[in-house]
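Enquirer: This is the content of model-v6.txt (compact mmCIF, N, CA and C atoms):
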# COMPACT_ATOMS: atom_id res chain seq x y z
N MET A 1 -10.26 -29.45 1.17
CA MET A 1 -9.51 -28.26 0.80
C MET A 1 -8.26 -28.21 1.68
N PRO A 2 -7.06 -28.17 1.10
CA PRO A 2 -5.84 -28.08 1.91
C PRO A 2 -5.79 -26.77 2.69
N SER A 3 -5.19 -26.83 3.85
CA SER A 3 -5.08 -25.65 4.71
C SER A 3 -3.80 -25.73 5.54
N TYR A 4 -3.27 -24.57 5.90
CA TYR A 4 -2.08 -24.52 6.74
C TYR A 4 -2.40 -24.75 8.20
N GLY A 5 -3.56 -24.32 8.63
CA GLY A 5 -3.89 -24.37 10.04
C GLY A 5 -3.47 -23.11 10.77
N HIS A 6 -2.83 -22.20 10.07
CA HIS A 6 -2.47 -20.90 10.65
C HIS A 6 -2.46 -19.86 9.52
N HIS A 7 -2.44 -18.62 9.90
CA HIS A 7 -2.54 -17.56 8.91
C HIS A 7 -1.15 -16.99 8.60
N THR A 8 -0.61 -17.40 7.47
CA THR A 8 0.64 -16.83 7.01
C THR A 8 0.29 -15.56 6.26
N HIS A 9 1.09 -14.51 6.44
CA HIS A 9 0.77 -13.25 5.78
C HIS A 9 2.05 -12.50 5.39
N VAL A 10 1.83 -11.51 4.56
CA VAL A 10 2.89 -10.58 4.18
C VAL A 10 2.31 -9.19 4.39
N SER A 11 3.02 -8.32 5.10
CA SER A 11 2.56 -6.95 5.34
C SER A 11 3.13 -6.04 4.26
N ILE A 12 2.25 -5.26 3.64
CA ILE A 12 2.66 -4.35 2.57
C ILE A 12 1.98 -3.00 2.78
N PHE A 13 2.76 -1.95 2.69
CA PHE A 13 2.21 -0.60 2.63
C PHE A 13 2.22 -0.20 1.16
N GLY A 14 1.28 0.65 0.76
CA GLY A 14 1.25 1.06 -0.63
C GLY A 14 0.64 2.42 -0.81
N ALA A 15 1.03 3.06 -1.89
CA ALA A 15 0.48 4.36 -2.28
C ALA A 15 0.39 4.39 -3.79
N VAL A 16 -0.64 5.04 -4.29
CA VAL A 16 -0.82 5.15 -5.73
C VAL A 16 -1.02 6.61 -6.10
N ASP A 17 -0.35 7.03 -7.16
CA ASP A 17 -0.51 8.37 -7.71
C ASP A 17 -1.73 8.33 -8.62
N VAL A 18 -2.80 8.98 -8.22
CA VAL A 18 -4.06 8.89 -8.96
C VAL A 18 -4.03 9.66 -10.28
N GLN A 19 -2.98 10.43 -10.53
CA GLN A 19 -2.85 11.14 -11.79
C GLN A 19 -1.98 10.39 -12.79
N GLN A 20 -0.89 9.79 -12.32
CA GLN A 20 0.07 9.14 -13.21
C GLN A 20 -0.01 7.61 -13.19
N GLY A 21 -0.61 7.03 -12.16
CA GLY A 21 -0.68 5.58 -12.06
C GLY A 21 0.56 4.95 -11.47
N ASP A 22 1.47 5.78 -10.96
CA ASP A 22 2.68 5.27 -10.32
C ASP A 22 2.29 4.67 -8.96
N VAL A 23 2.90 3.54 -8.61
CA VAL A 23 2.60 2.87 -7.35
C VAL A 23 3.89 2.65 -6.58
N VAL A 24 3.81 2.83 -5.27
CA VAL A 24 4.94 2.54 -4.40
C VAL A 24 4.48 1.47 -3.42
N PHE A 25 5.23 0.37 -3.38
CA PHE A 25 4.98 -0.71 -2.43
C PHE A 25 6.12 -0.76 -1.43
N HIS A 26 5.81 -1.12 -0.20
CA HIS A 26 6.84 -1.30 0.81
C HIS A 26 6.44 -2.48 1.70
N ARG A 27 7.21 -3.54 1.64
CA ARG A 27 6.95 -4.70 2.48
C ARG A 27 7.62 -4.51 3.83
N ALA A 28 6.96 -5.05 4.83
CA ALA A 28 7.49 -4.94 6.19
C ALA A 28 7.23 -6.25 6.93
N SER A 29 8.00 -6.45 7.99
CA SER A 29 7.83 -7.65 8.79
C SER A 29 6.47 -7.66 9.48
N SER A 30 5.95 -6.49 9.77
CA SER A 30 4.62 -6.33 10.36
C SER A 30 4.16 -4.90 10.09
N ALA A 31 2.89 -4.67 10.30
CA ALA A 31 2.35 -3.32 10.12
C ALA A 31 2.24 -2.67 11.49
N ASN A 32 3.16 -1.75 11.75
CA ASN A 32 3.13 -1.00 13.01
C ASN A 32 3.60 0.42 12.73
N ALA A 33 3.61 1.25 13.74
CA ALA A 33 3.97 2.66 13.56
C ALA A 33 5.38 2.82 13.01
N GLU A 34 6.29 2.00 13.47
CA GLU A 34 7.68 2.10 13.01
C GLU A 34 7.80 1.76 11.53
N THR A 35 7.13 0.69 11.09
CA THR A 35 7.22 0.32 9.67
C THR A 35 6.43 1.30 8.80
N PHE A 36 5.38 1.90 9.37
CA PHE A 36 4.66 2.95 8.64
C PHE A 36 5.56 4.16 8.43
N LEU A 37 6.34 4.52 9.45
CA LEU A 37 7.30 5.62 9.30
C LEU A 37 8.35 5.29 8.23
N ASP A 38 8.79 4.05 8.19
CA ASP A 38 9.73 3.64 7.14
C ASP A 38 9.11 3.89 5.76
N PHE A 39 7.83 3.57 5.64
CA PHE A 39 7.12 3.79 4.38
C PHE A 39 7.05 5.28 4.04
N LEU A 40 6.75 6.11 5.02
CA LEU A 40 6.71 7.56 4.78
C LEU A 40 8.07 8.07 4.32
N CYS A 41 9.13 7.58 4.92
CA CYS A 41 10.49 7.99 4.52
C CYS A 41 10.78 7.53 3.09
N LEU A 42 10.32 6.34 2.74
CA LEU A 42 10.48 5.85 1.37
C LEU A 42 9.76 6.76 0.38
N LEU A 43 8.54 7.16 0.71
CA LEU A 43 7.79 8.08 -0.16
C LEU A 43 8.52 9.42 -0.30
N LYS A 44 9.02 9.93 0.79
CA LYS A 44 9.75 11.22 0.77
C LYS A 44 11.01 11.11 -0.08
N GLU A 45 11.68 9.96 0.00
CA GLU A 45 12.87 9.72 -0.81
C GLU A 45 12.53 9.69 -2.30
N LYS A 46 11.44 9.00 -2.62
CA LYS A 46 11.02 8.84 -4.02
C LYS A 46 10.51 10.16 -4.61
N TYR A 47 9.85 10.95 -3.79
CA TYR A 47 9.27 12.21 -4.24
C TYR A 47 9.78 13.36 -3.38
N PRO A 48 11.07 13.68 -3.47
CA PRO A 48 11.67 14.66 -2.55
C PRO A 48 11.11 16.08 -2.68
N ASP A 49 10.61 16.43 -3.84
CA ASP A 49 10.16 17.82 -4.07
C ASP A 49 8.64 17.92 -4.23
N ARG A 50 7.92 16.92 -3.74
CA ARG A 50 6.46 16.93 -3.89
C ARG A 50 5.77 16.96 -2.55
N PHE A 51 4.60 17.55 -2.55
CA PHE A 51 3.72 17.52 -1.39
C PHE A 51 2.89 16.24 -1.53
N ILE A 52 2.90 15.39 -0.53
CA ILE A 52 2.30 14.06 -0.63
C ILE A 52 1.03 14.01 0.21
N VAL A 53 -0.08 13.75 -0.45
CA VAL A 53 -1.36 13.61 0.24
C VAL A 53 -1.68 12.12 0.31
N LEU A 54 -1.89 11.62 1.50
CA LEU A 54 -2.23 10.21 1.70
C LEU A 54 -3.64 10.10 2.24
N VAL A 55 -4.42 9.24 1.61
CA VAL A 55 -5.75 8.92 2.09
C VAL A 55 -5.61 7.67 2.94
N LEU A 56 -6.01 7.76 4.21
CA LEU A 56 -5.77 6.67 5.17
C LEU A 56 -7.04 6.31 5.92
N ASP A 57 -7.07 5.06 6.36
CA ASP A 57 -8.11 4.68 7.31
C ASP A 57 -7.66 5.15 8.69
N ASN A 58 -8.40 4.83 9.67
CA ASN A 58 -8.08 5.31 11.03
C ASN A 58 -7.37 4.25 11.87
N ALA A 59 -6.54 3.46 11.24
CA ALA A 59 -5.77 2.46 11.98
C ALA A 59 -4.93 3.15 13.04
N PRO A 60 -4.79 2.54 14.19
CA PRO A 60 -4.01 3.15 15.27
C PRO A 60 -2.58 3.53 14.85
N ILE A 61 -1.96 2.77 13.95
CA ILE A 61 -0.59 3.11 13.56
C ILE A 61 -0.51 4.46 12.86
N HIS A 62 -1.60 4.88 12.21
CA HIS A 62 -1.59 6.17 11.52
C HIS A 62 -1.68 7.34 12.49
N HIS A 63 -2.09 7.06 13.72
CA HIS A 63 -2.25 8.11 14.72
C HIS A 63 -1.22 8.00 15.85
N ALA A 64 -0.29 7.10 15.73
CA ALA A 64 0.68 6.84 16.80
C ALA A 64 1.50 8.09 17.13
N ASN A 65 1.95 8.18 18.37
CA ASN A 65 2.73 9.33 18.82
C ASN A 65 3.98 9.53 17.97
N MET A 66 4.65 8.44 17.60
CA MET A 66 5.88 8.59 16.81
C MET A 66 5.56 9.10 15.40
N VAL A 67 4.41 8.76 14.87
CA VAL A 67 4.00 9.28 13.55
C VAL A 67 3.69 10.76 13.68
N GLN A 68 2.97 11.13 14.73
CA GLN A 68 2.65 12.55 14.95
C GLN A 68 3.91 13.38 15.14
N ALA A 69 4.88 12.84 15.87
CA ALA A 69 6.15 13.55 16.07
C ALA A 69 6.86 13.74 14.73
N PHE A 70 6.82 12.74 13.87
CA PHE A 70 7.41 12.85 12.53
C PHE A 70 6.71 13.95 11.74
N LEU A 71 5.38 13.95 11.76
CA LEU A 71 4.62 14.95 11.01
C LEU A 71 4.87 16.37 11.53
N ASP A 72 5.12 16.49 12.82
CA ASP A 72 5.40 17.80 13.41
C ASP A 72 6.82 18.27 13.13
N GLY A 73 7.68 17.36 12.68
CA GLY A 73 9.07 17.70 12.39
C GLY A 73 9.26 18.24 10.99
N GLU A 74 10.50 18.48 10.64
CA GLU A 74 10.84 19.07 9.34
C GLU A 74 10.38 18.21 8.16
N GLU A 75 10.63 16.92 8.22
CA GLU A 75 10.24 16.01 7.13
C GLU A 75 8.73 15.91 6.97
N GLY A 76 8.02 16.04 8.08
CA GLY A 76 6.58 15.86 8.07
C GLY A 76 5.82 16.91 7.29
N GLY A 77 6.44 18.06 7.05
CA GLY A 77 5.78 19.12 6.30
C GLY A 77 5.48 18.75 4.86
N ALA A 78 6.08 17.67 4.38
CA ALA A 78 5.84 17.22 3.00
C ALA A 78 4.58 16.38 2.88
N PHE A 79 3.92 16.11 4.02
CA PHE A 79 2.78 15.20 4.02
C PHE A 79 1.50 15.86 4.51
N HIS A 80 0.40 15.40 3.95
CA HIS A 80 -0.92 15.74 4.47
C HIS A 80 -1.73 14.46 4.48
N PHE A 81 -2.33 14.14 5.62
CA PHE A 81 -3.14 12.94 5.76
C PHE A 81 -4.61 13.32 5.68
N ILE A 82 -5.35 12.56 4.90
CA ILE A 82 -6.81 12.66 4.88
C ILE A 82 -7.33 11.36 5.47
N PHE A 83 -8.01 11.46 6.60
CA PHE A 83 -8.53 10.27 7.26
C PHE A 83 -9.97 10.03 6.82
N LEU A 84 -10.23 8.81 6.41
CA LEU A 84 -11.57 8.44 5.95
C LEU A 84 -12.48 8.16 7.13
N PRO A 85 -13.77 8.33 6.92
CA PRO A 85 -14.71 7.93 7.97
C PRO A 85 -14.69 6.40 8.09
N PRO A 86 -15.15 5.87 9.23
CA PRO A 86 -15.19 4.41 9.40
C PRO A 86 -16.01 3.74 8.30
N TYR A 87 -15.60 2.53 7.96
CA TYR A 87 -16.32 1.69 7.00
C TYR A 87 -16.47 2.33 5.63
N SER A 88 -15.41 2.98 5.15
CA SER A 88 -15.50 3.62 3.84
C SER A 88 -14.28 3.33 2.96
N PRO A 89 -13.83 2.08 2.87
CA PRO A 89 -12.67 1.80 2.03
C PRO A 89 -12.91 2.13 0.56
N HIS A 90 -14.17 2.18 0.15
CA HIS A 90 -14.50 2.51 -1.24
C HIS A 90 -14.05 3.92 -1.62
N LEU A 91 -13.75 4.76 -0.65
CA LEU A 91 -13.28 6.12 -0.92
C LEU A 91 -11.77 6.20 -1.10
N ASN A 92 -11.07 5.10 -0.88
CA ASN A 92 -9.61 5.09 -0.96
C ASN A 92 -9.17 4.35 -2.21
N PRO A 93 -8.57 5.06 -3.19
CA PRO A 93 -8.14 4.39 -4.42
C PRO A 93 -7.18 3.21 -4.18
N MET A 94 -6.35 3.30 -3.16
CA MET A 94 -5.40 2.21 -2.90
C MET A 94 -6.13 0.93 -2.54
N GLU A 95 -7.28 1.04 -1.91
CA GLU A 95 -8.05 -0.15 -1.56
C GLU A 95 -8.47 -0.93 -2.82
N ARG A 96 -8.70 -0.22 -3.92
CA ARG A 96 -9.05 -0.90 -5.17
C ARG A 96 -7.86 -1.68 -5.71
N LEU A 97 -6.67 -1.13 -5.50
CA LEU A 97 -5.46 -1.84 -5.91
C LEU A 97 -5.25 -3.07 -5.02
N TRP A 98 -5.51 -2.94 -3.72
CA TRP A 98 -5.40 -4.10 -2.82
C TRP A 98 -6.39 -5.19 -3.23
N LYS A 99 -7.59 -4.79 -3.66
CA LYS A 99 -8.58 -5.77 -4.10
C LYS A 99 -8.07 -6.51 -5.34
N TRP A 100 -7.49 -5.77 -6.26
CA TRP A 100 -6.91 -6.37 -7.47
C TRP A 100 -5.84 -7.39 -7.06
N LEU A 101 -4.95 -7.00 -6.16
CA LEU A 101 -3.91 -7.91 -5.67
C LEU A 101 -4.54 -9.17 -5.07
N LYS A 102 -5.50 -8.99 -4.19
CA LYS A 102 -6.12 -10.14 -3.54
C LYS A 102 -6.81 -11.05 -4.56
N ASP A 103 -7.53 -10.45 -5.51
CA ASP A 103 -8.22 -11.24 -6.52
C ASP A 103 -7.25 -12.02 -7.40
N GLU A 104 -6.13 -11.40 -7.75
CA GLU A 104 -5.17 -12.03 -8.66
C GLU A 104 -4.19 -12.97 -7.98
N VAL A 105 -3.84 -12.69 -6.74
CA VAL A 105 -2.73 -13.40 -6.10
C VAL A 105 -3.18 -14.28 -4.92
N ILE A 106 -4.13 -13.81 -4.15
CA ILE A 106 -4.45 -14.47 -2.89
C ILE A 106 -5.69 -15.36 -2.97
N ALA A 107 -6.76 -14.85 -3.58
CA ALA A 107 -8.05 -15.55 -3.56
C ALA A 107 -7.96 -16.92 -4.24
N ASN A 108 -8.48 -17.91 -3.56
CA ASN A 108 -8.58 -19.28 -4.09
C ASN A 108 -7.26 -19.89 -4.51
N VAL A 109 -6.18 -19.48 -3.86
CA VAL A 109 -4.86 -20.04 -4.14
C VAL A 109 -4.25 -20.53 -2.83
N LEU A 110 -3.76 -21.74 -2.84
CA LEU A 110 -3.05 -22.25 -1.67
C LEU A 110 -1.56 -22.08 -1.93
N HIS A 111 -0.97 -21.11 -1.28
CA HIS A 111 0.47 -20.91 -1.39
C HIS A 111 1.15 -21.86 -0.42
N LYS A 112 2.24 -22.46 -0.85
CA LYS A 112 2.86 -23.49 -0.01
C LYS A 112 3.53 -22.92 1.24
N ASP A 113 3.96 -21.66 1.18
CA ASP A 113 4.58 -21.05 2.35
C ASP A 113 4.63 -19.54 2.15
N GLN A 114 5.17 -18.84 3.12
CA GLN A 114 5.24 -17.38 3.06
C GLN A 114 6.10 -16.91 1.89
N ASN A 115 7.15 -17.63 1.58
CA ASN A 115 8.00 -17.28 0.45
C ASN A 115 7.23 -17.37 -0.86
N ASP A 116 6.39 -18.36 -1.00
CA ASP A 116 5.57 -18.51 -2.20
C ASP A 116 4.60 -17.33 -2.35
N ILE A 117 4.01 -16.92 -1.23
CA ILE A 117 3.14 -15.74 -1.26
C ILE A 117 3.94 -14.51 -1.70
N ALA A 118 5.11 -14.35 -1.10
CA ALA A 118 5.96 -13.19 -1.41
C ALA A 118 6.34 -13.16 -2.88
N GLN A 119 6.66 -14.31 -3.46
CA GLN A 119 7.03 -14.36 -4.88
C GLN A 119 5.84 -13.99 -5.77
N SER A 120 4.66 -14.46 -5.41
CA SER A 120 3.46 -14.11 -6.18
C SER A 120 3.19 -12.62 -6.10
N ILE A 121 3.38 -12.04 -4.93
CA ILE A 121 3.18 -10.61 -4.76
C ILE A 121 4.21 -9.83 -5.57
N THR A 122 5.45 -10.30 -5.59
CA THR A 122 6.50 -9.64 -6.37
C THR A 122 6.12 -9.61 -7.85
N ARG A 123 5.62 -10.70 -8.36
CA ARG A 123 5.20 -10.73 -9.77
C ARG A 123 4.08 -9.73 -10.03
N PHE A 124 3.14 -9.65 -9.09
CA PHE A 124 2.05 -8.68 -9.22
C PHE A 124 2.60 -7.25 -9.19
N GLU A 125 3.49 -6.97 -8.24
CA GLU A 125 4.07 -5.63 -8.13
C GLU A 125 4.81 -5.24 -9.42
N GLN A 126 5.57 -6.16 -9.97
CA GLN A 126 6.31 -5.88 -11.21
C GLN A 126 5.34 -5.58 -12.35
N TYR A 127 4.27 -6.34 -12.43
CA TYR A 127 3.26 -6.11 -13.47
C TYR A 127 2.65 -4.72 -13.31
N VAL A 128 2.24 -4.40 -12.09
CA VAL A 128 1.60 -3.11 -11.82
C VAL A 128 2.53 -1.95 -12.16
N LEU A 129 3.80 -2.07 -11.81
CA LEU A 129 4.75 -0.99 -12.06
C LEU A 129 4.97 -0.76 -13.55
N GLN A 130 4.70 -1.76 -14.37
CA GLN A 130 4.88 -1.64 -15.82
C GLN A 130 3.59 -1.30 -16.56
N HIS A 131 2.47 -1.24 -15.87
CA HIS A 131 1.17 -1.03 -16.52
C HIS A 131 0.37 0.06 -15.81
N ARG A 132 0.89 1.26 -15.87
CA ARG A 132 0.25 2.39 -15.18
C ARG A 132 -1.16 2.65 -15.69
N ASP A 133 -1.37 2.49 -16.99
CA ASP A 133 -2.71 2.72 -17.54
C ASP A 133 -3.72 1.75 -16.94
N GLU A 134 -3.32 0.52 -16.74
CA GLU A 134 -4.21 -0.47 -16.12
C GLU A 134 -4.45 -0.14 -14.65
N VAL A 135 -3.43 0.38 -13.98
CA VAL A 135 -3.58 0.81 -12.59
C VAL A 135 -4.64 1.91 -12.52
N LEU A 136 -4.55 2.89 -13.38
CA LEU A 136 -5.51 4.00 -13.37
C LEU A 136 -6.92 3.49 -13.64
N ARG A 137 -7.07 2.54 -14.56
CA ARG A 137 -8.39 1.96 -14.82
C ARG A 137 -8.90 1.21 -13.60
N SER A 138 -8.03 0.45 -12.95
CA SER A 138 -8.47 -0.37 -11.81
C SER A 138 -8.89 0.47 -10.62
N ILE A 139 -8.32 1.66 -10.47
CA ILE A 139 -8.70 2.51 -9.34
C ILE A 139 -9.78 3.54 -9.73
N GLY A 140 -10.23 3.47 -10.98
CA GLY A 140 -11.31 4.35 -11.40
C GLY A 140 -10.86 5.77 -11.72
N CYS A 141 -9.59 5.93 -12.11
CA CYS A 141 -9.08 7.27 -12.39
C CYS A 141 -8.65 7.45 -13.84
N ALA A 142 -9.11 6.59 -14.72
CA ALA A 142 -8.77 6.73 -16.15
C ALA A 142 -10.02 7.12 -16.92
N ALA A 143 -9.79 7.82 -18.02
CA ALA A 143 -10.91 8.26 -18.86
C ALA A 143 -11.51 7.11 -19.63
Let me see the structure of the file written as structure tokens.
Expert:
Amino acid sequence: MPSYGHHTHVSIFGAVDVQQGDVVFHRASSANAETFLDFLCLLKEKYPDRFIVLVLDNAPIHHANMVQAFLDGEEGGAFHFIFLPPYSPHLNPMERLWKWLKDEVIANVLHKDQNDIAQSITRFEQYVLQHRDEVLRSIGCAA
């Protein structure tokens, strides 16, 4: 089985609207508090007049001082975080979308480099953005 010998990755933040099936993806050089704040700003830009509820795991970046300072500020009033108990990704609809991504793009595929992974993810993102009904079915929120 061919292997790189190292773990190439792409960091992506994501949110899904469980009522409409709209998805927001945000790629970052790494997953840290600063890039998480960039994602929150992107969400606020996309939904300027909405109250945004995010279901999150307890990753340290979600609790970082700079994130808390953001939430305590003027922009932060648009957000409410619901933190899941440990070992409960099944309670987060976005995790079902990540599973779909991994099954379709990552599992059992040898990508030649990071750019190849990124291109495959872009194709997946474009598909998801055009198929909201399928998104709702995949996260268990469709009738």
Enquirer: How many Å separate atom C of A:Ala69 from atom C of A:Val16?
Expert: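 Interatomic distance, atom C of A:Ala69 to atom C of A:Val16: 23.4 Å.
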Enquirer: Pull the alpha helix (DSSP H) assignments for stretch 40-82 of chain A out of DSSP run on the backbone, and list those residues as a PyMOL selection string.
Expert: chain A and resi 40-46+65-72
Enquirer: Under the rule of at most 12 Å, produce a per-residue listing of stretch 27-65 of chain A near stretch 87-90 of chain A: chain, number, name, the closest pair of atoms, and the distance in Å, as CSV, using only C-alpha atoms.
Expert:
residue,atom,partner,partner_atom,distance
A:Val55,CA,A:Pro89,CA,9.9
A:Leu56,CA,A:Pro89,CA,9.0
A:Asp57,CA,A:Pro89,CA,7.5
A:Asn58,CA,A:Tyr87,CA,9.9
A:Ala59,CA,A:Tyr87,CA,11.7
Enquirer: Chain A: which residues are strand (DSSP E or B) by DSSP, as an MDAnalysis selection string?
Expert: chainID A and resid 11:16 23:28 52:56 79:83
Enquirer: Excluding stretch 119-134 of chain A and any residue of its chain fewer than 5 positions from it, enumerate the residues within 9 Å of it, using only C-alpha atoms, and give them as a list in words.
Expert: Val10, Gln20, Gly21, Asp22, Val23, Val24, Phe25, Leu101, Glu104, Val105, Ile106, His111, Gln114, Ile139 and Ala142 of chain A
Enquirer: Go through A:Ser138, A:Thr35, A:Tyr47, A:Asp17 one by one, measure the shortest atom-to-atom distance of each to A:Lys99 using only C-alpha atoms, and give the residue with the smallest value.
Expert: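 The shortest atom-to-atom distance to A:Lys99 comes from A:Ser138.
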Enquirer: Write out as a ChimeraX atom specification which residues come within 8 Å of A:Phe36 when counting all atoms listed in the file, dropping same-chain ones fewer than 4 positions away.
Expert: /A:13,28,30-32,40-42,61-62,67
Enquirer: Just give me the gap between atom CA of A:Gly14 and atom CA of A:Gly76 in Å, one decimal is fine.
Expert: 18.0 Å
Enquirer: Select, from A:Ala78, A:Ala107, A:Val18, A:Ala33, the residue with the minimum atom-to-atom distance to A:Gly140, counting all atoms listed in the file.
Expert: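 So, comparing all the options, the nearest one is A:Val18.
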Enquirer: Missing atoms in stretch 85-101 of chain A should be modelled up to N, CA, C and O atoms and reported as a PDB file, in the frame of the given file.
Expert:
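The result, written out as out26.pdb:
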ATOM      1  N   PRO A  85     -13.770   8.330   6.920  1.00  0.00           N
ATOM      2  CA  PRO A  85     -14.710   7.930   7.970  1.00  0.00           C
ATOM      3  C   PRO A  85     -14.690   6.400   8.090  1.00  0.00           C
ATOM      4  O   PRO A  85     -14.285   5.705   7.165  1.00  0.00           O
ATOM      5  N   PRO A  86     -15.150   5.870   9.230  1.00  0.00           N
ATOM      6  CA  PRO A  86     -15.190   4.410   9.400  1.00  0.00           C
ATOM      7  C   PRO A  86     -16.010   3.740   8.300  1.00  0.00           C
ATOM      8  O   PRO A  86     -16.971   4.307   7.786  1.00  0.00           O
ATOM      9  N   TYR A  87     -15.600   2.530   7.960  1.00  0.00           N
ATOM     10  CA  TYR A  87     -16.320   1.690   7.000  1.00  0.00           C
ATOM     11  C   TYR A  87     -16.470   2.330   5.630  1.00  0.00           C
ATOM     12  O   TYR A  87     -17.523   2.251   5.013  1.00  0.00           O
ATOM     13  N   SER A  88     -15.410   2.980   5.150  1.00  0.00           N
ATOM     14  CA  SER A  88     -15.500   3.620   3.840  1.00  0.00           C
ATOM     15  C   SER A  88     -14.280   3.330   2.960  1.00  0.00           C
ATOM     16  O   SER A  88     -13.743   4.250   2.340  1.00  0.00           O
ATOM     17  N   PRO A  89     -13.830   2.080   2.870  1.00  0.00           N
ATOM     18  CA  PRO A  89     -12.670   1.800   2.030  1.00  0.00           C
ATOM     19  C   PRO A  89     -12.910   2.130   0.560  1.00  0.00           C
ATOM     20  O   PRO A  89     -11.957   2.374  -0.184  1.00  0.00           O
ATOM     21  N   HIS A  90     -14.170   2.180   0.150  1.00  0.00           N
ATOM     22  CA  HIS A  90     -14.500   2.510  -1.240  1.00  0.00           C
ATOM     23  C   HIS A  90     -14.050   3.920  -1.620  1.00  0.00           C
ATOM     24  O   HIS A  90     -13.951   4.244  -2.808  1.00  0.00           O
ATOM     25  N   LEU A  91     -13.750   4.760  -0.650  1.00  0.00           N
ATOM     26  CA  LEU A  91     -13.280   6.120  -0.920  1.00  0.00           C
ATOM     27  C   LEU A  91     -11.770   6.200  -1.100  1.00  0.00           C
ATOM     28  O   LEU A  91     -11.252   7.262  -1.438  1.00  0.00           O
ATOM     29  N   ASN A  92     -11.070   5.100  -0.880  1.00  0.00           N
ATOM     30  CA  ASN A  92      -9.610   5.090  -0.960  1.00  0.00           C
ATOM     31  C   ASN A  92      -9.170   4.350  -2.210  1.00  0.00           C
ATOM     32  O   ASN A  92      -9.347   3.137  -2.313  1.00  0.00           O
ATOM     33  N   PRO A  93      -8.570   5.060  -3.190  1.00  0.00           N
ATOM     34  CA  PRO A  93      -8.140   4.390  -4.420  1.00  0.00           C
ATOM     35  C   PRO A  93      -7.180   3.210  -4.180  1.00  0.00           C
ATOM     36  O   PRO A  93      -7.217   2.225  -4.907  1.00  0.00           O
ATOM     37  N   MET A  94      -6.350   3.300  -3.160  1.00  0.00           N
ATOM     38  CA  MET A  94      -5.400   2.210  -2.900  1.00  0.00           C
ATOM     39  C   MET A  94      -6.130   0.930  -2.540  1.00  0.00           C
ATOM     40  O   MET A  94      -5.651  -0.168  -2.838  1.00  0.00           O
ATOM     41  N   GLU A  95      -7.280   1.040  -1.910  1.00  0.00           N
ATOM     42  CA  GLU A  95      -8.050  -0.150  -1.560  1.00  0.00           C
ATOM     43  C   GLU A  95      -8.470  -0.930  -2.820  1.00  0.00           C
ATOM     44  O   GLU A  95      -8.555  -2.154  -2.789  1.00  0.00           O
ATOM     45  N   ARG A  96      -8.700  -0.220  -3.920  1.00  0.00           N
ATOM     46  CA  ARG A  96      -9.050  -0.900  -5.170  1.00  0.00           C
ATOM     47  C   ARG A  96      -7.860  -1.680  -5.710  1.00  0.00           C
ATOM     48  O   ARG A  96      -8.007  -2.762  -6.280  1.00  0.00           O
ATOM     49  N   LEU A  97      -6.670  -1.130  -5.500  1.00  0.00           N
ATOM     50  CA  LEU A  97      -5.460  -1.840  -5.910  1.00  0.00           C
ATOM     51  C   LEU A  97      -5.250  -3.070  -5.020  1.00  0.00           C
ATOM     52  O   LEU A  97      -4.853  -4.140  -5.490  1.00  0.00           O
ATOM     53  N   TRP A  98      -5.510  -2.940  -3.720  1.00  0.00           N
ATOM     54  CA  TRP A  98      -5.400  -4.100  -2.820  1.00  0.00           C
ATOM     55  C   TRP A  98      -6.390  -5.190  -3.230  1.00  0.00           C
ATOM     56  O   TRP A  98      -6.071  -6.374  -3.194  1.00  0.00           O
ATOM     57  N   LYS A  99      -7.590  -4.790  -3.660  1.00  0.00           N
ATOM     58  CA  LYS A  99      -8.580  -5.770  -4.100  1.00  0.00           C
ATOM     59  C   LYS A  99      -8.070  -6.510  -5.340  1.00  0.00           C
ATOM     60  O   LYS A  99      -8.202  -7.732  -5.451  1.00  0.00           O
ATOM     61  N   TRP A 100      -7.490  -5.770  -6.260  1.00  0.00           N
ATOM     62  CA  TRP A 100      -6.910  -6.370  -7.470  1.00  0.00           C
ATOM     63  C   TRP A 100      -5.840  -7.390  -7.060  1.00  0.00           C
ATOM     64  O   TRP A 100      -5.809  -8.503  -7.567  1.00  0.00           O
ATOM     65  N   LEU A 101      -4.950  -7.000  -6.160  1.00  0.00           N
ATOM     66  CA  LEU A 101      -3.910  -7.910  -5.670  1.00  0.00           C
ATOM     67  C   LEU A 101      -4.540  -9.170  -5.070  1.00  0.00           C
ATOM     68  O   LEU A 101      -4.134 -10.291  -5.391  1.00  0.00           O
TER      69      LEU A 101
END
